[in-house]
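As provided, work_25.csv (CSV, C-alpha atoms) reads as follows.
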chain,number,residue,atom,x,y,z
A,1,MET,CA,-71.7,21.7,35.7
A,2,THR,CA,-75.1,20.0,36.4
A,3,ARG,CA,-77.6,19.7,33.6
A,4,LEU,CA,-80.0,22.5,33.9
A,5,PRO,CA,-83.7,22.5,32.8
A,6,LEU,CA,-83.1,24.6,29.7
A,7,SER,CA,-84.4,24.1,26.1
A,8,VAL,CA,-82.7,25.4,23.0
A,9,VAL,CA,-84.7,26.5,20.0
A,10,VAL,CA,-83.1,26.7,16.5
A,11,PRO,CA,-85.2,28.2,13.8
A,12,ALA,CA,-84.0,26.7,10.5
A,13,ARG,CA,-84.9,27.0,6.8
A,14,ASN,CA,-82.8,25.0,4.3
A,15,GLU,CA,-79.9,24.5,6.8
A,16,ALA,CA,-79.1,20.9,5.9
A,17,GLU,CA,-75.5,21.6,5.4
A,18,THR,CA,-74.9,22.8,9.0
A,19,ILE,CA,-77.8,21.7,11.2
A,20,GLY,CA,-76.3,18.4,12.2
A,21,SER,CA,-73.2,19.9,13.6
A,22,VAL,CA,-75.2,22.7,15.3
A,23,VAL,CA,-77.3,20.2,17.1
A,24,ARG,CA,-74.4,18.0,18.1
A,25,ASN,CA,-72.5,21.0,19.5
A,26,LEU,CA,-75.4,22.2,21.5
A,27,LEU,CA,-76.2,18.7,23.0
A,28,ALA,CA,-72.6,18.4,24.0
A,29,MET,CA,-73.2,21.2,26.5
A,30,ASP,CA,-74.1,20.1,30.1
A,31,TRP,CA,-76.5,23.0,30.5
A,32,VAL,CA,-78.7,21.9,27.4
A,33,SER,CA,-81.6,19.6,28.2
A,34,GLU,CA,-83.0,19.5,24.7
A,35,VAL,CA,-82.7,21.0,21.3
A,36,VAL,CA,-85.8,21.9,19.3
A,37,VAL,CA,-85.2,22.6,15.6
A,38,VAL,CA,-88.0,24.4,13.9
A,39,ASP,CA,-88.1,23.4,10.3
A,40,ASN,CA,-89.5,26.6,8.7
A,41,ASN,CA,-90.9,25.0,5.6
A,42,SER,CA,-87.5,23.8,4.3
A,43,ASP,CA,-87.3,22.0,0.9
A,44,ASP,CA,-84.1,20.1,1.9
A,45,GLU,CA,-83.3,17.5,4.6
A,46,THR,CA,-83.0,20.0,7.5
A,47,ALA,CA,-85.6,18.2,9.7
A,48,ALA,CA,-84.3,14.7,9.1
A,49,LEU,CA,-80.6,15.6,9.7
A,50,ALA,CA,-81.6,17.5,12.9
A,51,GLU,CA,-83.4,14.5,14.3
A,52,ALA,CA,-80.5,12.2,13.3
A,53,ALA,CA,-78.2,14.4,15.4
A,54,GLY,CA,-80.4,14.1,18.4
A,55,ALA,CA,-82.8,17.1,18.1
A,56,ARG,CA,-86.6,17.2,18.2
A,57,SER,CA,-87.9,18.8,15.0
A,58,VAL,CA,-91.1,20.9,14.7
A,59,PHE,CA,-92.6,21.9,11.4
A,60,GLU,CA,-93.8,25.5,10.8
A,61,ALA,CA,-95.2,26.0,7.4
A,62,GLN,CA,-95.5,29.8,7.5
A,63,PRO,CA,-92.1,31.3,6.6
A,64,GLY,CA,-90.8,34.1,8.9
A,65,MET,CA,-88.5,34.3,11.9
A,66,GLY,CA,-91.3,35.2,14.3
A,67,HIS,CA,-93.5,32.2,13.2
A,68,ALA,CA,-90.6,29.9,13.7
A,69,VAL,CA,-89.7,31.3,17.1
A,70,ARG,CA,-93.4,31.1,18.2
A,71,ALA,CA,-93.5,27.4,17.2
A,72,GLY,CA,-90.2,26.7,19.0
A,73,LEU,CA,-91.3,28.4,22.2
A,74,ALA,CA,-94.6,26.6,22.2
A,75,ALA,CA,-92.9,23.2,21.7
A,76,ALA,CA,-90.1,23.6,24.2
A,77,THR,CA,-90.3,21.5,27.4
A,78,HIS,CA,-88.9,24.1,29.8
A,79,ASP,CA,-89.9,27.7,30.5
A,80,TRP,CA,-86.3,28.9,30.1
A,81,VAL,CA,-85.6,28.7,26.4
A,82,MET,CA,-82.4,29.8,24.6
A,83,LYS,CA,-83.0,30.9,21.0
A,84,VAL,CA,-80.0,30.6,18.7
A,85,ASP,CA,-79.3,30.9,15.0
A,86,ALA,CA,-78.5,28.0,12.7
A,87,ASP,CA,-75.1,29.4,11.9
A,88,LEU,CA,-73.5,28.6,15.3
A,89,GLU,CA,-70.3,27.4,13.8
A,90,LYS,CA,-69.3,31.0,13.8
A,91,PHE,CA,-69.6,31.3,17.6
A,92,ASN,CA,-67.6,29.9,20.5
A,93,VAL,CA,-70.7,28.2,22.0
A,94,LYS,CA,-68.8,27.5,25.3
A,95,LEU,CA,-69.4,31.1,26.1
A,96,PHE,CA,-73.2,30.5,25.9
A,97,SER,CA,-73.0,28.8,29.3
A,98,GLU,CA,-72.5,32.2,30.8
A,99,MET,CA,-75.9,33.2,29.6
A,100,ALA,CA,-77.4,30.2,31.4
A,101,ALA,CA,-75.5,31.2,34.5
A,102,ALA,CA,-77.0,34.8,34.3
A,103,ARG,CA,-80.5,33.6,35.3
A,104,VAL,CA,-81.0,35.2,38.7
A,105,GLU,CA,-84.1,36.4,40.4
A,106,GLY,CA,-85.8,39.2,38.6
A,107,VAL,CA,-84.2,38.5,35.2
A,108,GLY,CA,-86.5,37.5,32.4
A,109,LEU,CA,-84.2,37.8,29.4
A,110,VAL,CA,-80.4,37.3,28.9
A,111,LYS,CA,-79.1,38.8,25.7
A,112,GLY,CA,-76.0,37.4,24.0
A,113,ASP,CA,-73.8,40.4,23.2
A,114,TRP,CA,-71.4,39.8,20.3
A,115,THR,CA,-69.3,42.0,18.1
A,116,ASP,CA,-68.3,41.7,14.4
A,117,PRO,CA,-65.3,43.7,13.3
A,118,LYS,CA,-66.6,43.9,9.8
A,119,ASP,CA,-70.1,45.1,10.7
A,120,ASN,CA,-70.8,48.5,12.3
A,121,MET,CA,-74.4,47.5,13.0
A,122,PRO,CA,-76.3,50.2,11.1
A,123,MET,CA,-79.7,49.0,12.2
A,124,THR,CA,-78.8,48.9,15.8
A,125,ARG,CA,-77.0,52.3,15.8
A,126,LEU,CA,-79.4,54.2,13.6
A,127,LEU,CA,-82.8,52.7,14.3
A,128,VAL,CA,-83.1,50.3,17.2
A,129,LYS,CA,-81.2,52.2,19.9
A,130,PRO,CA,-82.8,55.6,19.1
A,131,GLY,CA,-86.2,53.9,19.0
A,132,LEU,CA,-85.6,52.4,22.4
A,133,ARG,CA,-84.4,55.7,23.9
A,134,TRP,CA,-87.7,57.3,22.8
A,135,LEU,CA,-90.0,54.4,23.8
A,136,PHE,CA,-88.4,52.3,26.5
A,137,GLN,CA,-85.9,54.2,28.6
A,138,GLY,CA,-84.9,51.2,30.6
A,139,LEU,CA,-83.6,49.4,27.5
A,140,SER,CA,-81.7,52.3,26.0
A,141,THR,CA,-78.3,51.3,27.6
A,142,LEU,CA,-78.2,47.8,26.0
A,143,ARG,CA,-75.2,47.3,23.7
A,144,SER,CA,-76.8,44.7,21.5
A,145,PRO,CA,-80.6,45.0,21.8
A,146,ASN,CA,-81.2,43.5,18.3
A,147,THR,CA,-79.2,40.3,18.9
A,148,GLY,CA,-81.0,37.1,17.9
A,149,ILE,CA,-79.2,35.0,20.5
A,150,TYR,CA,-80.8,35.1,23.9
A,151,LEU,CA,-82.3,33.2,26.8
A,152,VAL,CA,-85.8,34.0,27.8
A,153,ASN,CA,-88.3,32.9,30.5
A,154,ARG,CA,-91.3,32.3,28.2
A,155,SER,CA,-93.7,32.0,31.2
A,156,LEU,CA,-93.5,35.8,31.7
A,157,ILE,CA,-95.0,36.7,28.4
A,158,ALA,CA,-97.7,35.9,25.9
A,159,HIS,CA,-95.1,34.3,23.6
A,160,GLN,CA,-97.8,33.0,21.2
A,161,GLU,CA,-98.6,36.6,20.4
A,162,ILE,CA,-95.2,37.8,19.2
A,163,VAL,CA,-95.0,39.2,15.7
A,164,GLY,CA,-94.3,36.8,12.8
A,165,ASP,CA,-91.4,38.6,11.1
A,166,TYR,CA,-87.9,39.7,11.8
A,167,ALA,CA,-88.9,41.9,14.7
A,168,ALA,CA,-89.8,38.9,16.8
A,169,ASP,CA,-86.6,39.1,18.8
A,170,LEU,CA,-87.3,42.8,19.7
A,171,ASP,CA,-90.9,41.9,20.5
A,172,ILE,CA,-89.8,39.3,23.0
A,173,MET,CA,-87.4,41.8,24.7
A,174,VAL,CA,-90.0,44.6,24.9
A,175,ARG,CA,-92.6,42.2,26.3
A,176,ILE,CA,-90.2,41.0,29.0
A,177,TYR,CA,-89.4,44.6,29.9
A,178,ALA,CA,-93.1,45.6,30.0
A,179,ALA,CA,-93.9,42.7,32.3
A,180,GLY,CA,-91.5,44.1,34.9
A,181,ALA,CA,-88.6,41.7,34.5
A,182,ARG,CA,-85.0,42.7,33.9
A,183,VAL,CA,-83.1,42.4,30.6
A,184,VAL,CA,-79.4,41.8,31.0
A,185,GLU,CA,-76.5,41.1,28.6
A,186,VAL,CA,-73.6,38.6,28.5
A,187,ASP,CA,-70.6,38.9,26.3
A,188,ILE,CA,-70.5,35.9,23.9
A,189,GLY,CA,-67.4,37.0,21.9
A,190,ARG,CA,-66.6,38.1,18.4
A,191,ILE,CA,-67.7,36.6,15.0
A,192,GLU,CA,-67.4,37.6,11.4
A,193,HIS,CA,-70.6,37.6,9.3
A,194,ASP,CA,-70.7,37.9,5.6
A,195,MET,CA,-71.3,41.5,4.4
A,196,ARG,CA,-75.0,42.3,3.9
A,197,ASN,CA,-76.2,44.5,1.0
A,198,VAL,CA,-78.3,47.7,1.2
A,199,GLY,CA,-81.4,45.9,0.1
A,200,HIS,CA,-81.2,43.6,3.1
A,201,TYR,CA,-80.8,46.6,5.5
A,202,ASN,CA,-83.7,48.4,3.8
A,203,LYS,CA,-86.0,45.5,4.4
A,204,MET,CA,-84.9,45.2,8.0
A,205,ALA,CA,-85.4,48.9,8.6
A,206,GLU,CA,-88.9,48.8,7.3
A,207,THR,CA,-89.8,45.9,9.5
A,208,ILE,CA,-88.3,47.4,12.6
A,209,MET,CA,-89.8,50.8,12.1
A,210,GLY,CA,-93.2,49.2,11.7
A,211,PHE,CA,-92.8,47.3,14.9
A,212,LEU,CA,-91.6,50.4,16.9
A,213,LEU,CA,-94.6,52.4,15.6
A,214,GLN,CA,-96.9,49.6,16.7
A,215,CYS,CA,-95.3,49.6,20.2
A,216,GLN,CA,-96.0,53.4,20.5
A,217,SER,CA,-99.6,53.0,19.5
A,218,MET,CA,-100.3,50.2,22.0
A,219,ARG,CA,-98.7,52.0,25.0
A,220,ILE,CA,-97.6,48.8,26.5
A,221,THR,CA,-95.5,50.3,29.3
A,222,GLU,CA,-98.6,52.1,30.5
A,223,GLU,CA,-100.2,49.9,33.1
A,224,LEU,CA,-103.9,49.6,32.9
A,225,VAL,CA,-105.7,49.4,36.3
A,226,VAL,CA,-109.4,48.7,36.2
A,227,LEU,CA,-111.7,49.1,39.2
A,228,ALA,CA,-115.2,47.6,38.7
A,229,ARG,CA,-118.1,46.1,40.5
A,230,SER,CA,-118.7,43.0,38.4
A,231,ALA,CA,-117.2,40.8,35.6
A,232,GLU,CA,-120.2,41.9,33.5
A,233,GLU,CA,-119.2,45.5,33.8
A,234,VAL,CA,-115.6,44.8,32.8
A,235,LEU,CA,-116.6,42.6,29.8
A,236,GLN,CA,-119.2,45.0,28.4
A,237,SER,CA,-117.3,48.3,29.0
A,238,ALA,CA,-113.6,47.7,29.1
A,239,PHE,CA,-112.7,44.2,27.9
A,240,GLY,CA,-111.5,45.4,24.5
A,241,LEU,CA,-109.0,47.8,25.9
A,242,CYS,CA,-107.9,45.3,28.5
A,243,ALA,CA,-107.5,42.5,25.9
A,244,GLY,CA,-105.6,44.7,23.4
A,245,ARG,CA,-103.2,45.9,26.0
A,246,ALA,CA,-102.5,42.5,27.5
A,247,LYS,CA,-102.3,40.8,24.1
A,248,ALA,CA,-99.6,43.3,23.1
A,249,GLY,CA,-97.7,42.6,26.3
A,250,GLY,CA,-98.8,45.4,28.7
A,251,VAL,CA,-99.7,44.9,32.3
A,252,VAL,CA,-103.4,44.9,33.1
A,253,THR,CA,-104.7,44.6,36.7
A,254,ILE,CA,-108.5,44.3,37.2
A,255,PHE,CA,-109.8,44.9,40.7
A,256,VAL,CA,-113.4,43.7,41.0
A,257,GLU,CA,-115.8,42.9,43.7
A,258,ASP,CA,-116.6,39.4,42.4
A,259,ALA,CA,-113.1,38.4,41.5
A,260,ALA,CA,-113.8,34.7,41.3
A,261,THR,CA,-116.6,35.3,38.7
A,262,CYS,CA,-114.4,37.6,36.8
A,263,MET,CA,-111.5,35.1,36.8
A,264,ASP,CA,-113.8,32.4,35.5
A,265,ALA,CA,-115.1,34.7,32.7
A,266,LEU,CA,-111.5,35.6,31.7
A,267,GLY,CA,-110.0,32.2,32.3
A,268,GLY,CA,-108.7,31.6,28.8
A,269,CYS,CA,-107.3,35.1,28.6
A,270,LEU,CA,-105.5,34.7,32.0
A,271,GLU,CA,-103.8,31.6,30.8
A,272,LYS,CA,-102.7,33.1,27.5
A,273,TRP,CA,-101.6,36.5,28.7
A,274,PRO,CA,-99.4,36.4,31.9
A,275,THR,CA,-99.5,40.2,32.3
A,276,LEU,CA,-103.3,40.1,32.8
A,277,ARG,CA,-104.4,39.5,36.4
A,278,VAL,CA,-107.6,39.8,38.4
A,279,LEU,CA,-107.7,40.7,42.1
A,280,ALA,CA,-110.4,41.3,44.7
A,281,LEU,CA,-111.3,45.0,45.1
A,282,ASP,CA,-110.5,44.8,48.8
A,283,ARG,CA,-106.8,44.2,47.9
A,284,LEU,CA,-106.5,47.6,46.3
A,285,GLU,CA,-104.9,49.2,49.4
A,286,GLY,CA,-101.1,49.4,48.9
A,287,PHE,CA,-101.2,48.8,45.2
A,288,ALA,CA,-97.9,49.9,43.5
A,289,PRO,CA,-97.1,50.0,39.8
A,290,PHE,CA,-95.9,46.7,38.5
A,291,GLY,CA,-94.2,47.7,35.3
A,292,PRO,CA,-90.8,49.3,34.9
A,293,GLU,CA,-91.8,52.9,34.0
A,294,ARG,CA,-94.4,53.6,36.8
A,295,HIS,CA,-96.8,54.9,34.2
A,296,VAL,CA,-100.5,54.1,35.0
A,297,GLN,CA,-103.9,54.6,33.4
A,298,ILE,CA,-106.9,54.0,35.7
A,299,LEU,CA,-110.4,52.9,34.5
A,300,THR,CA,-113.2,52.9,37.0
A,301,SER,CA,-116.8,51.9,37.4
A,302,SER,CA,-119.4,54.7,37.5
A,303,ALA,CA,-120.5,53.5,40.9
A,304,PRO,CA,-119.9,56.5,43.3
A,305,ALA,CA,-118.0,54.4,45.9
A,306,ILE,CA,-115.7,52.9,43.4
A,307,LYS,CA,-115.1,56.3,41.7
A,308,LEU,CA,-114.0,57.6,45.1
A,309,LEU,CA,-111.6,54.7,45.4
A,310,ALA,CA,-110.2,55.4,42.0
A,311,ASP,CA,-109.7,59.1,42.9
A,312,GLY,CA,-107.9,58.1,46.0
A,313,LEU,CA,-105.7,55.6,44.2
A,314,GLN,CA,-104.8,58.3,41.6
A,315,SER,CA,-103.7,60.7,44.4
A,316,GLU,CA,-101.7,58.1,46.2
A,317,LEU,CA,-99.8,57.0,43.1
A,318,ARG,CA,-99.0,60.5,42.1
A,319,LYS,CA,-97.7,61.2,45.7
A,320,ALA,CA,-95.5,58.1,45.3
A,321,GLY,CA,-93.9,59.6,42.1
A,322,ALA,CA,-95.8,57.5,39.5
A,323,ARG,CA,-96.9,59.1,36.3
A,324,VAL,CA,-100.7,58.7,36.2
A,325,GLU,CA,-103.0,59.6,33.3
A,326,PRO,CA,-106.4,61.2,34.1
A,327,THR,CA,-108.7,58.5,35.4
A,328,LEU,CA,-111.4,57.4,33.0
A,329,VAL,CA,-115.0,56.2,33.9
A,330,MET,CA,-116.9,53.4,32.3
A,331,PRO,CA,-120.3,55.0,31.5
A,332,THR,CA,-123.5,53.2,32.4
A,333,ASP,CA,-125.2,54.4,29.2
A,334,PRO,CA,-123.3,53.3,26.1
A,335,ASP,CA,-124.8,56.3,24.3
A,336,ALA,CA,-123.6,58.8,26.9
A,337,PRO,CA,-121.2,61.6,25.7
A,338,CYS,CA,-117.6,60.5,26.2
A,339,ASP,CA,-114.3,62.4,25.8
A,340,HIS,CA,-112.0,59.4,25.4
A,341,GLY,CA,-112.3,56.6,22.9
A,342,PHE,CA,-110.1,53.6,22.0
A,343,ASP,CA,-110.1,51.5,18.9
A,344,ILE,CA,-110.7,47.8,19.8
A,345,SER,CA,-111.2,46.5,16.2
A,346,SER,CA,-108.1,44.3,16.5
A,347,VAL,CA,-109.6,42.4,19.4
A,348,SER,CA,-113.3,42.7,18.4
A,349,ASP,CA,-113.6,38.9,17.9
A,350,LEU,CA,-112.1,38.3,21.4
A,351,LYS,CA,-114.6,40.6,23.0
A,352,SER,CA,-117.5,38.9,21.2
A,353,ALA,CA,-116.3,35.5,22.3
A,354,ALA,CA,-115.9,36.6,26.0
A,355,LEU,CA,-119.4,38.1,26.0
A,356,ALA,CA,-120.8,34.9,24.5
A,357,HIS,CA,-119.0,32.8,27.1
A,358,ALA,CA,-120.5,34.9,29.9
A,359,GLY,CA,-124.0,34.7,28.4
A,360,LEU,CA,-124.1,38.5,27.8
A,361,LEU,CA,-125.6,40.2,24.8
A,362,ASP,CA,-123.0,41.3,22.3
A,363,THR,CA,-123.9,44.9,21.5
A,364,HIS,CA,-120.3,46.3,21.5
A,365,LYS,CA,-118.9,48.5,18.8
A,366,THR,CA,-115.3,48.8,17.5
A,367,ARG,CA,-114.5,51.5,20.0
A,368,GLU,CA,-114.8,51.7,23.8
A,369,CYS,CA,-115.5,55.1,25.1
A,370,PHE,CA,-114.9,56.6,28.6
A,371,GLN,CA,-115.5,59.8,30.5
A,372,SER,CA,-112.9,61.8,32.4
A,373,LEU,CA,-113.3,61.3,36.2
A,374,ASP,CA,-112.0,64.8,36.9
A,375,ILE,CA,-114.8,66.3,34.8
A,376,LEU,CA,-117.5,64.2,36.4
A,377,LEU,CA,-116.3,65.0,39.9
A,378,ARG,CA,-116.4,68.7,39.1
A,379,GLU,CA,-119.9,68.4,37.8
A,380,THR,CA,-121.1,66.6,40.9
Would you put the structure from the file into structure tokens?
Amino acid sequence: MTRLPLSVVVPARNEAETIGSVVRNLLAMDWVSEVVVVDNNSDDETAALAEAAGARSVFEAQPGMGHAVRAGLAAATHDWVMKVDADLEKFNVKLFSEMAAARVEGVGLVKGDWTDPKDNMPMTRLLVKPGLRWLFQGLSTLRSPNTGIYLVNRSLIAHQEIVGDYAADLDIMVRIYAAGARVVEVDIGRIEHDMRNVGHYNKMAETIMGFLLQCQSMRITEELVVLARSAEEVLQSAFGLCAGRAKAGGVVTIFVEDAATCMDALGGCLEKWPTLRVLALDRLEGFAPFGPERHVQILTSSAPAIKLLADGLQSELRKAGARVEPTLVMPTDPDAPCDHGFDISSVSDLKSAALAHAGLLDTHKTRECFQSLDILLRET
């Protein structure tokens, strides 16, 4: 097998006893180009022993699986990154090559599906799978959605935004799914873990439940489509909602007359958040939902011609079978009565920075408000 451009990331905290053998076993595989060991604030010789075995070590001071994974993804040389645990001696790592081989067009994440005869997977059965059935139908058939061994194309997601705790592996999976890429599974065999106590599962359940509730509130499988005249209009009236959705992993497409100006104004955001894109308004014809669930929310300028375009897009999408929320209008008067409001306090600093970068007066509040297009059309 030829050597493939693939990085392996191993989050490790106080793994001096095994990290050397883990690194050597991985580097013995033809499909591994490099091993990055993330020393998650260890107080033993984990980093030194990893480097002695041939790995590159990265230090992450803040404890937590997600913090370590973020650091590893950022440090990896290649976009395709395999994340594995530091207890690989329990696995037949030769089977991992089948994960590397599963990278085909359209796939963004390959999950390693393993079984443990001593563990009936209570978190997966009782919480993760039911949660996915409610929130992400396309992920509900996965056998091992909560596995921490996987291969991901980091270029598809804002990997620097993943949560810092145990839910990081789920966050990566959900972001890949929301971005419109496929998630597949490969059987990597059977292992036997040590039995975990109730307290361990209680902590896991609380973390996962919090993550699933956050997913529901962010509505990341609902594509946000913005139709506007100018970058200024987007920044002042809708940037908070766009930034919040894209930061969380949702697809946001902005159609604007001055696309080049808007791309310049959002340059940093476009680089950080791959699911955010800006297109010229004349490319609106033929638009189709990008995400997996064909669920769309349209925001439109208050300009009459663009409102008509939005109304037409809404009709076409519904005819094509997409689920489309009522179209919302960005009001010209910030004090005008509105019937829809969104909390943007979590990205308030980002909006202030974007307005300052564009030389616009920062008068925004912690909510962005919109008017229903259907109501406005009836009134006119």
(message) Give me, as a list in words, all polymer residues having an atom no more than 12 Å from Glu293 of chain A, counting all atoms listed in the file and skipping those fewer than 4 positions away in the same chain.
(response)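 Selected residues are Leu135, Phe136, Gln137, Gly138, Leu139, Tyr177, Ala178, Ala179, Gly180, Ala181, Arg219, Ile220, Thr221, Glu222, Glu223, Gly250, Val251, Ala288, Pro289, Gly321, Ala322, Arg323 and Val324 of chain A.
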(request) Record the distance separating atom CA of Leu151 of chain A and atom CA of Thr275 of chain A, expressed in Å with one decimal. (result)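 Between these atoms lies a distance of 19.4 Å.
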(request) Return the single residue from A:Leu361, A:Val23, A:Ala16, A:Cys242 that is closest to Ala48 of chain A, with distances computed using all atoms listed in the file. (result)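 Between A:Leu361, A:Val23, A:Ala16, A:Cys242, the residue approaching Ala48 of chain A most closely is A:Ala16.
Considering all atoms listed in the file, the residue among A:Ala356, A:Ile188, A:Val93, A:Cys369 positioned nearest to Asp335 of chain A is A:Cys369.
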(message) Which residue is closest to Gly268 of chain A? Choose from A:Val296, A:Val10, A:Leu350, A:Val38 and count only C-alpha atoms.
(response)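 Closest to Gly268 of chain A, using only C-alpha atoms: A:Leu350.
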